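Below: input_36.pdb (PDB, C-alpha atoms, pLDDT in the B column)
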```pdb
MODEL        1
ATOM      1  CA  MET U   1      69.957 197.681 184.170  1.00 64.00           C
ATOM      2  CA  ASN U   2      72.567 198.728 186.736  1.00 71.00           C
ATOM      3  CA  ILE U   3      76.247 198.366 187.533  1.00 77.00           C
ATOM      4  CA  LYS U   4      75.862 194.605 187.873  1.00 83.00           C
ATOM      5  CA  TYR U   5      75.389 194.454 184.109  1.00 86.00           C
ATOM      6  CA  TYR U   6      79.117 195.076 183.747  1.00 88.00           C
ATOM      7  CA  LYS U   7      80.268 192.573 186.383  1.00 85.00           C
ATOM      8  CA  ASP U   8      81.583 190.187 183.719  1.00 87.00           C
ATOM      9  CA  LEU U   9      83.390 192.869 181.723  1.00 87.00           C
ATOM     10  CA  ARG U  10      86.986 191.943 180.942  1.00 87.00           C
ATOM     11  CA  PHE U  11      89.555 193.321 178.525  1.00 85.00           C
ATOM     12  CA  ASN U  12      89.257 190.228 176.329  1.00 88.00           C
ATOM     13  CA  ASN U  13      85.478 190.459 175.983  1.00 89.00           C
ATOM     14  CA  ILE U  14      85.004 194.198 175.475  1.00 89.00           C
ATOM     15  CA  ASN U  15      84.414 193.523 171.767  1.00 85.00           C
ATOM     16  CA  SER U  16      81.642 191.058 172.561  1.00 88.00           C
ATOM     17  CA  ASN U  17      78.057 191.689 171.526  1.00 83.00           C
ATOM     18  CA  LYS U  18      77.244 192.667 175.094  1.00 87.00           C
ATOM     19  CA  TYR U  19      79.946 195.243 175.732  1.00 88.00           C
ATOM     20  CA  LYS U  20      81.104 196.606 172.394  1.00 89.00           C
ATOM     21  CA  HIS U  21      79.216 199.862 172.897  1.00 91.00           C
ATOM     22  CA  LEU U  22      82.026 200.765 175.307  1.00 92.00           C
ATOM     23  CA  LEU U  23      84.409 201.001 172.355  1.00 92.00           C
ATOM     24  CA  LEU U  24      82.750 204.289 171.457  1.00 94.00           C
ATOM     25  CA  ILE U  25      84.409 205.856 174.508  1.00 96.00           C
ATOM     26  CA  ILE U  26      87.754 205.536 172.701  1.00 96.00           C
ATOM     27  CA  TYR U  27      86.680 208.577 170.702  1.00 97.00           C
ATOM     28  CA  TRP U  28      87.144 210.864 173.714  1.00 97.00           C
ATOM     29  CA  PRO U  29      90.916 210.435 174.238  1.00 97.00           C
ATOM     30  CA  ILE U  30      91.487 210.529 170.478  1.00 97.00           C
ATOM     31  CA  PHE U  31      89.533 213.755 170.171  1.00 97.00           C
ATOM     32  CA  GLY U  32      91.272 215.160 173.241  1.00 97.00           C
ATOM     33  CA  ILE U  33      94.675 214.669 171.625  1.00 97.00           C
ATOM     34  CA  VAL U  34      93.543 216.166 168.311  1.00 97.00           C
ATOM     35  CA  PHE U  35      91.980 219.197 169.988  1.00 96.00           C
ATOM     36  CA  ARG U  36      95.018 219.732 172.190  1.00 95.00           C
ATOM     37  CA  LEU U  37      97.274 219.729 169.130  1.00 95.00           C
ATOM     38  CA  LEU U  38      95.002 222.266 167.449  1.00 94.00           C
ATOM     39  CA  GLU U  39      95.150 224.453 170.557  1.00 93.00           C
ATOM     40  CA  MET U  40      98.950 224.267 170.633  1.00 91.00           C
ATOM     41  CA  TRP U  41      99.274 225.100 166.924  1.00 90.00           C
ATOM     42  CA  GLU U  42      99.681 228.846 167.297  1.00 82.00           C
ATOM     43  CA  ASN U  43     101.530 229.851 164.155  1.00 84.00           C
ATOM     44  CA  ARG U  44      98.476 230.015 161.942  1.00 90.00           C
ATOM     45  CA  ASN U  45      96.509 232.790 160.319  1.00 94.00           C
ATOM     46  CA  PHE U  46      93.505 233.005 162.646  1.00 96.00           C
ATOM     47  CA  THR U  47      90.355 234.768 161.483  1.00 97.00           C
ATOM     48  CA  PRO U  48      88.555 236.701 164.245  1.00 97.00           C
ATOM     49  CA  ILE U  49      84.879 235.806 164.453  1.00 97.00           C
ATOM     50  CA  GLU U  50      82.596 238.674 165.440  1.00 97.00           C
ATOM     51  CA  TRP U  51      79.259 240.294 164.658  1.00 97.00           C
ATOM     52  CA  PRO U  52      79.905 243.745 166.107  1.00 96.00           C
ATOM     53  CA  ALA U  53      76.293 244.909 166.073  1.00 97.00           C
ATOM     54  CA  VAL U  54      75.129 241.925 168.090  1.00 97.00           C
ATOM     55  CA  ASP U  55      78.198 240.921 170.083  1.00 97.00           C
ATOM     56  CA  GLY U  56      78.722 244.531 171.091  1.00 95.00           C
ATOM     57  CA  ALA U  57      75.172 244.717 172.438  1.00 97.00           C
ATOM     58  CA  ILE U  58      75.588 241.603 174.599  1.00 97.00           C
ATOM     59  CA  PRO U  59      77.015 242.614 177.988  1.00 96.00           C
ATOM     60  CA  PHE U  60      79.482 240.536 179.946  1.00 97.00           C
ATOM     61  CA  CYS U  61      77.629 238.848 182.821  1.00 97.00           C
ATOM     62  CA  GLU U  62      79.622 236.707 185.224  1.00 97.00           C
ATOM     63  CA  LEU U  63      76.495 234.966 186.545  1.00 97.00           C
ATOM     64  CA  PHE U  64      76.500 232.895 183.376  1.00 98.00           C
ATOM     65  CA  LEU U  65      79.622 231.191 184.682  1.00 98.00           C
ATOM     66  CA  ILE U  66      77.259 228.903 186.604  1.00 98.00           C
ATOM     67  CA  PRO U  67      75.518 227.329 183.579  1.00 98.00           C
ATOM     68  CA  TYR U  68      78.769 227.485 181.601  1.00 98.00           C
ATOM     69  CA  MET U  69      80.587 225.314 184.135  1.00 97.00           C
ATOM     70  CA  PHE U  70      77.529 223.127 184.701  1.00 98.00           C
ATOM     71  CA  TRP U  71      78.035 222.023 181.089  1.00 98.00           C
ATOM     72  CA  PHE U  72      80.842 219.729 182.270  1.00 97.00           C
ATOM     73  CA  VAL U  73      78.523 218.027 184.771  1.00 97.00           C
ATOM     74  CA  TYR U  74      75.778 217.881 182.149  1.00 98.00           C
ATOM     75  CA  LEU U  75      77.992 216.171 179.575  1.00 97.00           C
ATOM     76  CA  VAL U  76      79.751 213.727 181.898  1.00 97.00           C
ATOM     77  CA  GLY U  77      76.482 212.975 183.646  1.00 97.00           C
ATOM     78  CA  ILE U  78      74.640 211.890 180.498  1.00 97.00           C
ATOM     79  CA  HIS U  79      77.411 209.424 179.671  1.00 97.00           C
ATOM     80  CA  ILE U  80      77.293 207.839 183.119  1.00 95.00           C
ATOM     81  CA  TYR U  81      73.513 207.868 183.255  1.00 96.00           C
ATOM     82  CA  THR U  82      72.957 206.244 179.860  1.00 95.00           C
ATOM     83  CA  LEU U  83      75.752 203.707 180.372  1.00 94.00           C
ATOM     84  CA  PHE U  84      73.851 202.238 183.298  1.00 93.00           C
ATOM     85  CA  THR U  85      70.245 202.838 182.246  1.00 92.00           C
ATOM     86  CA  ASP U  86      69.978 202.941 178.455  1.00 91.00           C
ATOM     87  CA  ILE U  87      72.688 201.547 176.195  1.00 92.00           C
ATOM     88  CA  GLU U  88      70.854 202.611 173.044  1.00 91.00           C
ATOM     89  CA  GLY U  89      70.680 206.115 174.465  1.00 93.00           C
ATOM     90  CA  PHE U  90      74.386 206.008 175.246  1.00 95.00           C
ATOM     91  CA  LYS U  91      75.215 205.027 171.674  1.00 93.00           C
ATOM     92  CA  LYS U  92      73.094 207.863 170.324  1.00 94.00           C
ATOM     93  CA  VAL U  93      74.858 210.363 172.597  1.00 96.00           C
ATOM     94  CA  MET U  94      78.244 209.106 171.462  1.00 96.00           C
ATOM     95  CA  TRP U  95      77.379 209.177 167.761  1.00 95.00           C
ATOM     96  CA  PHE U  96      76.058 212.703 168.213  1.00 97.00           C
ATOM     97  CA  ILE U  97      79.323 213.732 169.871  1.00 97.00           C
ATOM     98  CA  ILE U  98      81.404 211.965 167.226  1.00 96.00           C
ATOM     99  CA  LEU U  99      79.579 213.702 164.385  1.00 96.00           C
ATOM    100  CA  THR U 100      79.472 217.206 165.814  1.00 98.00           C
ATOM    101  CA  TYR U 101      82.881 217.317 167.470  1.00 98.00           C
ATOM    102  CA  SER U 102      84.636 215.820 164.461  1.00 98.00           C
ATOM    103  CA  PHE U 103      83.001 218.395 162.230  1.00 97.00           C
ATOM    104  CA  CYS U 104      84.083 221.182 164.583  1.00 98.00           C
ATOM    105  CA  ALA U 105      87.662 219.904 164.658  1.00 97.00           C
ATOM    106  CA  PHE U 106      87.708 219.762 160.863  1.00 97.00           C
ATOM    107  CA  ILE U 107      86.557 223.393 160.667  1.00 97.00           C
ATOM    108  CA  TYR U 108      89.229 224.437 163.184  1.00 97.00           C
ATOM    109  CA  LEU U 109      91.832 222.708 161.026  1.00 97.00           C
ATOM    110  CA  VAL U 110      90.880 224.149 157.640  1.00 97.00           C
ATOM    111  CA  PHE U 111      89.589 227.506 158.901  1.00 97.00           C
ATOM    112  CA  PRO U 112      91.661 228.631 161.895  1.00 97.00           C
ATOM    113  CA  ASN U 113      89.533 231.051 163.874  1.00 97.00           C
ATOM    114  CA  CYS U 114      89.481 232.962 167.116  1.00 96.00           C
ATOM    115  CA  GLN U 115      87.503 235.573 169.016  1.00 95.00           C
ATOM    116  CA  GLU U 116      88.673 238.893 170.428  1.00 95.00           C
ATOM    117  CA  LEU U 117      85.698 239.736 172.603  1.00 97.00           C
ATOM    118  CA  ARG U 118      87.048 239.193 176.102  1.00 96.00           C
ATOM    119  CA  PRO U 119      86.966 242.295 178.325  1.00 95.00           C
ATOM    120  CA  MET U 120      90.298 243.816 179.228  1.00 91.00           C
ATOM    121  CA  GLU U 121      88.994 244.448 182.752  1.00 92.00           C
ATOM    122  CA  PHE U 122      85.827 243.690 184.651  1.00 94.00           C
ATOM    123  CA  GLU U 123      83.344 246.250 185.909  1.00 92.00           C
ATOM    124  CA  ARG U 124      82.827 244.229 189.090  1.00 94.00           C
ATOM    125  CA  ASP U 125      85.255 242.473 191.382  1.00 95.00           C
ATOM    126  CA  ASN U 126      83.886 239.265 192.849  1.00 95.00           C
ATOM    127  CA  PHE U 127      84.598 235.557 192.988  1.00 96.00           C
ATOM    128  CA  LEU U 128      83.032 234.906 189.587  1.00 97.00           C
ATOM    129  CA  THR U 129      84.977 237.607 187.758  1.00 97.00           C
ATOM    130  CA  ARG U 130      88.220 236.539 189.405  1.00 96.00           C
ATOM    131  CA  PHE U 131      87.500 232.967 188.341  1.00 96.00           C
ATOM    132  CA  MET U 132      86.863 234.139 184.777  1.00 96.00           C
ATOM    133  CA  ALA U 133      90.157 236.039 184.735  1.00 95.00           C
ATOM    134  CA  ASP U 134      91.972 232.827 185.629  1.00 94.00           C
ATOM    135  CA  PHE U 135      89.862 230.846 183.184  1.00 95.00           C
ATOM    136  CA  TYR U 136      90.778 233.226 180.359  1.00 95.00           C
ATOM    137  CA  GLU U 137      94.441 232.561 181.146  1.00 91.00           C
ATOM    138  CA  PHE U 138      93.882 228.821 180.977  1.00 89.00           C
ATOM    139  CA  ASP U 139      91.532 228.648 178.001  1.00 91.00           C
ATOM    140  CA  THR U 140      92.726 229.990 174.655  1.00 92.00           C
ATOM    141  CA  ASN U 141      90.534 232.218 172.516  1.00 94.00           C
ATOM    142  CA  THR U 142      91.082 230.056 169.431  1.00 96.00           C
ATOM    143  CA  ASN U 143      89.025 227.262 167.835  1.00 96.00           C
ATOM    144  CA  VAL U 144      85.657 228.779 168.623  1.00 97.00           C
ATOM    145  CA  PHE U 145      83.623 228.550 165.386  1.00 98.00           C
ATOM    146  CA  PRO U 146      81.449 226.453 165.701  1.00 98.00           C
ATOM    147  CA  SER U 147      80.933 226.282 169.477  1.00 98.00           C
ATOM    148  CA  MET U 148      81.434 222.817 170.933  1.00 97.00           C
ATOM    149  CA  HIS U 149      79.876 224.061 174.158  1.00 97.00           C
ATOM    150  CA  VAL U 150      76.621 224.425 172.242  1.00 98.00           C
ATOM    151  CA  THR U 151      76.820 221.066 170.453  1.00 98.00           C
ATOM    152  CA  GLY U 152      77.721 219.296 173.699  1.00 98.00           C
ATOM    153  CA  ALA U 153      74.772 220.849 175.520  1.00 98.00           C
ATOM    154  CA  LEU U 154      72.424 219.783 172.740  1.00 98.00           C
ATOM    155  CA  ALA U 155      73.827 216.243 172.819  1.00 98.00           C
ATOM    156  CA  VAL U 156      72.612 215.990 176.412  1.00 98.00           C
ATOM    157  CA  HIS U 157      69.364 217.798 175.695  1.00 97.00           C
ATOM    158  CA  PHE U 158      68.280 215.468 172.898  1.00 97.00           C
ATOM    159  CA  ALA U 159      69.276 212.357 174.845  1.00 96.00           C
ATOM    160  CA  LEU U 160      67.202 213.390 177.860  1.00 96.00           C
ATOM    161  CA  TRP U 161      64.239 214.369 175.715  1.00 94.00           C
ATOM    162  CA  HIS U 162      64.201 210.833 174.316  1.00 93.00           C
ATOM    163  CA  ASP U 163      64.669 209.142 177.681  1.00 93.00           C
ATOM    164  CA  LYS U 164      61.502 207.439 178.936  1.00 89.00           C
ATOM    165  CA  ARG U 165      62.204 208.366 182.548  1.00 91.00           C
ATOM    166  CA  PHE U 166      62.139 212.059 181.705  1.00 91.00           C
ATOM    167  CA  GLY U 167      59.210 212.044 179.302  1.00 83.00           C
ATOM    168  CA  LYS U 168      56.971 214.382 181.296  1.00 90.00           C
ATOM    169  CA  PRO U 169      56.623 217.962 180.004  1.00 93.00           C
ATOM    170  CA  ALA U 170      57.991 219.405 183.260  1.00 95.00           C
ATOM    171  CA  TRP U 171      61.298 217.590 182.792  1.00 95.00           C
ATOM    172  CA  LYS U 172      61.524 218.708 179.163  1.00 95.00           C
ATOM    173  CA  ILE U 173      60.967 222.313 180.187  1.00 96.00           C
ATOM    174  CA  ILE U 174      63.725 222.020 182.804  1.00 97.00           C
ATOM    175  CA  PHE U 175      66.198 220.534 180.332  1.00 96.00           C
ATOM    176  CA  THR U 176      65.317 223.162 177.738  1.00 97.00           C
ATOM    177  CA  ILE U 177      66.015 225.951 180.224  1.00 98.00           C
ATOM    178  CA  ILE U 178      69.330 224.364 181.251  1.00 98.00           C
ATOM    179  CA  THR U 179      70.438 223.867 177.653  1.00 98.00           C
ATOM    180  CA  ALA U 180      69.393 227.353 176.600  1.00 98.00           C
ATOM    181  CA  SER U 181      71.249 228.814 179.604  1.00 98.00           C
ATOM    182  CA  ILE U 182      74.410 226.946 178.677  1.00 98.00           C
ATOM    183  CA  CYS U 183      74.206 228.146 175.066  1.00 98.00           C
ATOM    184  CA  ALA U 184      73.584 231.729 176.205  1.00 98.00           C
ATOM    185  CA  SER U 185      76.482 231.561 178.658  1.00 98.00           C
ATOM    186  CA  THR U 186      78.970 231.204 175.804  1.00 98.00           C
ATOM    187  CA  VAL U 187      78.210 234.713 174.555  1.00 98.00           C
ATOM    188  CA  PHE U 188      77.553 236.421 177.901  1.00 98.00           C
ATOM    189  CA  LEU U 189      80.955 235.277 179.167  1.00 98.00           C
ATOM    190  CA  LYS U 190      82.574 236.423 175.917  1.00 97.00           C
ATOM    191  CA  GLN U 191      83.856 232.947 175.235  1.00 97.00           C
ATOM    192  CA  HIS U 192      82.135 232.971 171.859  1.00 98.00           C
ATOM    193  CA  SER U 193      80.642 235.300 169.310  1.00 98.00           C
ATOM    194  CA  ILE U 194      76.980 234.884 168.503  1.00 98.00           C
ATOM    195  CA  LEU U 195      78.242 233.738 165.099  1.00 98.00           C
ATOM    196  CA  ASP U 196      79.767 230.656 166.745  1.00 98.00           C
ATOM    197  CA  VAL U 197      76.339 229.580 167.946  1.00 98.00           C
ATOM    198  CA  PHE U 198      74.537 229.438 164.591  1.00 97.00           C
ATOM    199  CA  PRO U 199      76.673 226.756 162.866  1.00 97.00           C
ATOM    200  CA  ALA U 200      76.735 224.767 166.115  1.00 98.00           C
ATOM    201  CA  LEU U 201      72.927 224.739 166.113  1.00 98.00           C
ATOM    202  CA  ALA U 202      72.862 223.775 162.436  1.00 97.00           C
ATOM    203  CA  ILE U 203      75.182 220.781 162.735  1.00 97.00           C
ATOM    204  CA  SER U 204      73.430 219.722 165.943  1.00 98.00           C
ATOM    205  CA  PHE U 205      70.011 219.592 164.309  1.00 97.00           C
ATOM    206  CA  ILE U 206      71.413 217.785 161.264  1.00 96.00           C
ATOM    207  CA  SER U 207      73.023 215.243 163.599  1.00 96.00           C
ATOM    208  CA  TYR U 208      69.766 214.947 165.526  1.00 96.00           C
ATOM    209  CA  TYR U 209      67.941 214.134 162.306  1.00 94.00           C
ATOM    210  CA  LEU U 210      70.481 211.503 161.285  1.00 93.00           C
ATOM    211  CA  ILE U 211      70.630 209.829 164.699  1.00 94.00           C
ATOM    212  CA  TYR U 212      67.158 210.140 166.180  1.00 92.00           C
ATOM    213  CA  LYS U 213      64.911 210.424 163.141  1.00 87.00           C
ATOM    214  CA  VAL U 214      66.317 208.390 160.255  1.00 84.00           C
ATOM    215  CA  LYS U 215      68.441 206.337 162.698  1.00 71.00           C
ATOM    216  CA  PHE U 216      71.325 206.243 160.244  1.00 72.00           C
ATOM    217  CA  PHE U 217      73.774 204.833 162.801  1.00 68.00           C
ATOM    218  CA  ASP U 218      71.566 202.081 164.199  1.00 68.00           C
ATOM    219  CA  ARG U 219      73.297 199.609 161.898  1.00 64.00           C
ATOM    220  CA  PHE U 220      76.568 200.141 163.794  1.00 59.00           C
ATOM    221  CA  LEU U 221      77.459 198.339 167.014  1.00 46.00           C
ATOM    222  CA  LYS U 222      74.254 196.344 167.113  1.00 57.00           C
ATOM    223  CA  GLN U 223      73.981 194.141 170.161  1.00 51.00           C
ATOM    224  CA  GLU U 224      71.574 191.999 172.024  1.00 43.00           C
ATOM    225  CA  ASN U 225      68.487 193.578 173.523  1.00 40.00           C
ATOM    226  CA  ILE U 226      69.032 194.546 177.131  1.00 40.00           C
TER     227      ILE U 226
ENDMDL
END
```
For this file, write the structure as structure tokens.
Amino acid sequence: MNIKYYKDLRFNNINSNKYKHLLLIIYWPIFGIVFRLLEMWENRNFTPIEWPAVDGAIPFCELFLIPYMFWFVYLVGIHIYTLFTDIEGFKKVMWFIILTYSFCAFIYLVFPNCQELRPMEFERDNFLTRFMADFYEFDTNTNVFPSMHVTGALAVHFALWHDKRFGKPAWKIIFTIITASICASTVFLKQHSILDVFPALAISFISYYLIYKVKFFDRFLKQENI
């Protein structure tokens, strides 16, 4: 399948058996609005998340900015890739995102949380640390438990592991290293406590089981074989 598959797509047929998987994309702007509102809701009693013994032993390392920012390419890329190569894979990615991100947003709503781990100043002065200083100004330190950076990375990881084109062990090793680096970057950049990682892993593996093992969501948005 390629881009020609969508040549007949029109607004009035997006709900057809052929194209209705695209409706899942609506989740992204809805989630974006919800998350933005949560970020703007400042007058709440935030609970700092920290494991001093572990978080204190993890040094700040600006090199992890590379895998941290690659997460955006990783996540956008899997959507584009599966849209044009594997619709079933695309639906699984989206259901994974819907489950994990909705759960995270619910936790942020009922349990307002933050982290206070960011360094006041950097030991080194370079492009990466200057970028992080600006990034800290842009990105709030709230709504961190669980880490959506971790769940998003695992959404891509599981999708690629189940993709026939990347079935060789070498590819799986590469994707595992990338995903692990992204997860590690959240704590080495002091964007998250190590405690933010554990629940993100838990809900990710539960979602993996529901979507890839018992195939709970296969009944939704069924469409013709491609």
Taking the file as I've supplied it (selection: the PyMOL selection byres ((chain U and resi 171-182) around 7)), which residues are included? Please answer as a list in words.
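What the PyMOL selection byres ((chain U and resi 171-182) around 7) grabs from the file is Pro67, Tyr68, Trp71, Ala153, Leu154, His157, Trp161, Phe166, Gly167, Lys168, Pro169, Ala170, Cys183, Ala184, Ser185 and Thr186 of chain U.
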Closest contacts (stretch 88-204 of chain U/stretch 33-47 of chain U, max 12 Å, all atoms listed in the file) as JSON lines:
```
{"residue": "U:Tyr101", "atom": "CA", "partner": "U:Phe35", "partner_atom": "CA", "distance": 9.6}
{"residue": "U:Ser102", "atom": "CA", "partner": "U:Val34", "partner_atom": "CA", "distance": 9.7}
{"residue": "U:Phe103", "atom": "CA", "partner": "U:Phe35", "partner_atom": "CA", "distance": 11.9}
{"residue": "U:Cys104", "atom": "CA", "partner": "U:Phe35", "partner_atom": "CA", "distance": 9.8}
{"residue": "U:Ala105", "atom": "CA", "partner": "U:Phe35", "partner_atom": "CA", "distance": 6.9}
{"residue": "U:Phe106", "atom": "CA", "partner": "U:Phe35", "partner_atom": "CA", "distance": 10.1}
{"residue": "U:Ile107", "atom": "CA", "partner": "U:Leu38", "partner_atom": "CA", "distance": 10.9}
{"residue": "U:Tyr108", "atom": "CA", "partner": "U:Leu38", "partner_atom": "CA", "distance": 7.5}
{"residue": "U:Leu109", "atom": "CA", "partner": "U:Leu38", "partner_atom": "CA", "distance": 7.2}
{"residue": "U:Val110", "atom": "CA", "partner": "U:Phe46", "partner_atom": "CA", "distance": 10.5}
{"residue": "U:Phe111", "atom": "CA", "partner": "U:Phe46", "partner_atom": "CA", "distance": 7.7}
{"residue": "U:Pro112", "atom": "CA", "partner": "U:Phe46", "partner_atom": "CA", "distance": 4.8}
{"residue": "U:Asn113", "atom": "CA", "partner": "U:Thr47", "partner_atom": "CA", "distance": 4.5}
{"residue": "U:Cys114", "atom": "CA", "partner": "U:Thr47", "partner_atom": "CA", "distance": 6.0}
{"residue": "U:Gln115", "atom": "CA", "partner": "U:Thr47", "partner_atom": "CA", "distance": 8.1}
{"residue": "U:Glu116", "atom": "CA", "partner": "U:Thr47", "partner_atom": "CA", "distance": 10.0}
{"residue": "U:Phe138", "atom": "CA", "partner": "U:Glu39", "partner_atom": "CA", "distance": 11.4}
{"residue": "U:Asp139", "atom": "CA", "partner": "U:Glu39", "partner_atom": "CA", "distance": 9.3}
{"residue": "U:Thr140", "atom": "CA", "partner": "U:Glu39", "partner_atom": "CA", "distance": 7.3}
{"residue": "U:Asn141", "atom": "CA", "partner": "U:Glu39", "partner_atom": "CA", "distance": 9.2}
{"residue": "U:Thr142", "atom": "CA", "partner": "U:Glu39", "partner_atom": "CA", "distance": 7.0}
{"residue": "U:Asn143", "atom": "CA", "partner": "U:Glu39", "partner_atom": "CA", "distance": 7.3}
{"residue": "U:Val144", "atom": "CA", "partner": "U:Thr47", "partner_atom": "CA", "distance": 10.4}
{"residue": "U:Phe145", "atom": "CA", "partner": "U:Thr47", "partner_atom": "CA", "distance": 10.0}
{"residue": "U:Met148", "atom": "CA", "partner": "U:Phe35", "partner_atom": "CA", "distance": 11.2}
```
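When all atoms listed in the file are used to measure the gap to U:Val93, the shortest distance among U:Gly56, U:Pro119, U:Pro146, U:Gly152 belongs to U:Gly152.
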Show which residues sit within 12 Å of U:Val54, as number ranges by chain. Count only C-alpha atoms, and ignore same-chain residues fewer than 3 positions away.
U: 50-51, 57-59, 117, 187-188, 192-195
Could you jot down the atom CA of U:Phe70 to atom CA of U:Leu210 separation for me, Å, one decimal place?
27.1 Å
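The space between atom CA of U:Tyr208 and atom CA of U:Lys92 spans 9.2 Å.
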Which stretch 40-142 of chain U residues have any atom within 9 Å of an atom of stretch 22-29 of chain U, and for each, what is the nearest pair of atoms with distance in Å to one decimal, counting only C-alpha atoms, rows sorted by chain and number, as a tab-separated table?
```
residue	atom	partner	partner_atom	distance
U:Leu83	CA	U:Leu22	CA	8.6
U:Lys91	CA	U:Leu24	CA	7.6
U:Met94	CA	U:Leu24	CA	6.6
U:Trp95	CA	U:Leu24	CA	8.1
U:Ile98	CA	U:Tyr27	CA	7.2
```
Name the closest residue to U:Ala200 among the candidates U:Phe90, U:Phe131, U:Ala53, U:His149; distances are taken between atoms, counting only C-alpha atoms.
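Under the stated criterion, the closest residue is U:His149.
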Using all atoms listed in the file, find the one residue out of U:Val150, U:Ile211, U:Leu201, U:Leu65 that sits nearest to U:Leu128.
U:Leu65
So, counting all atoms listed in the file, which residue among U:Ile3, U:Leu189, U:Val73, U:Thr151 is closest to U:Ser207?
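Ranked by minimum distance to U:Ser207, first place goes to U:Thr151.
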Atom CA of U:Ile14 and atom CA of U:Tyr81, how far apart in Å?
19.5 Å
Return the single residue from U:Thr129, U:Pro52, U:Ile87, U:Phe31 that is closest to U:Thr100, with distances computed using only C-alpha atoms.
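Between U:Thr129, U:Pro52, U:Ile87, U:Phe31, the residue approaching U:Thr100 most closely is U:Phe31.
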Which one is closest to U:Leu63: U:Phe127, U:Tyr5, U:Phe96, U:Phe11? Count all atoms listed in the file.
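Counting all atoms listed in the file, the residue closest to U:Leu63 is U:Phe127.
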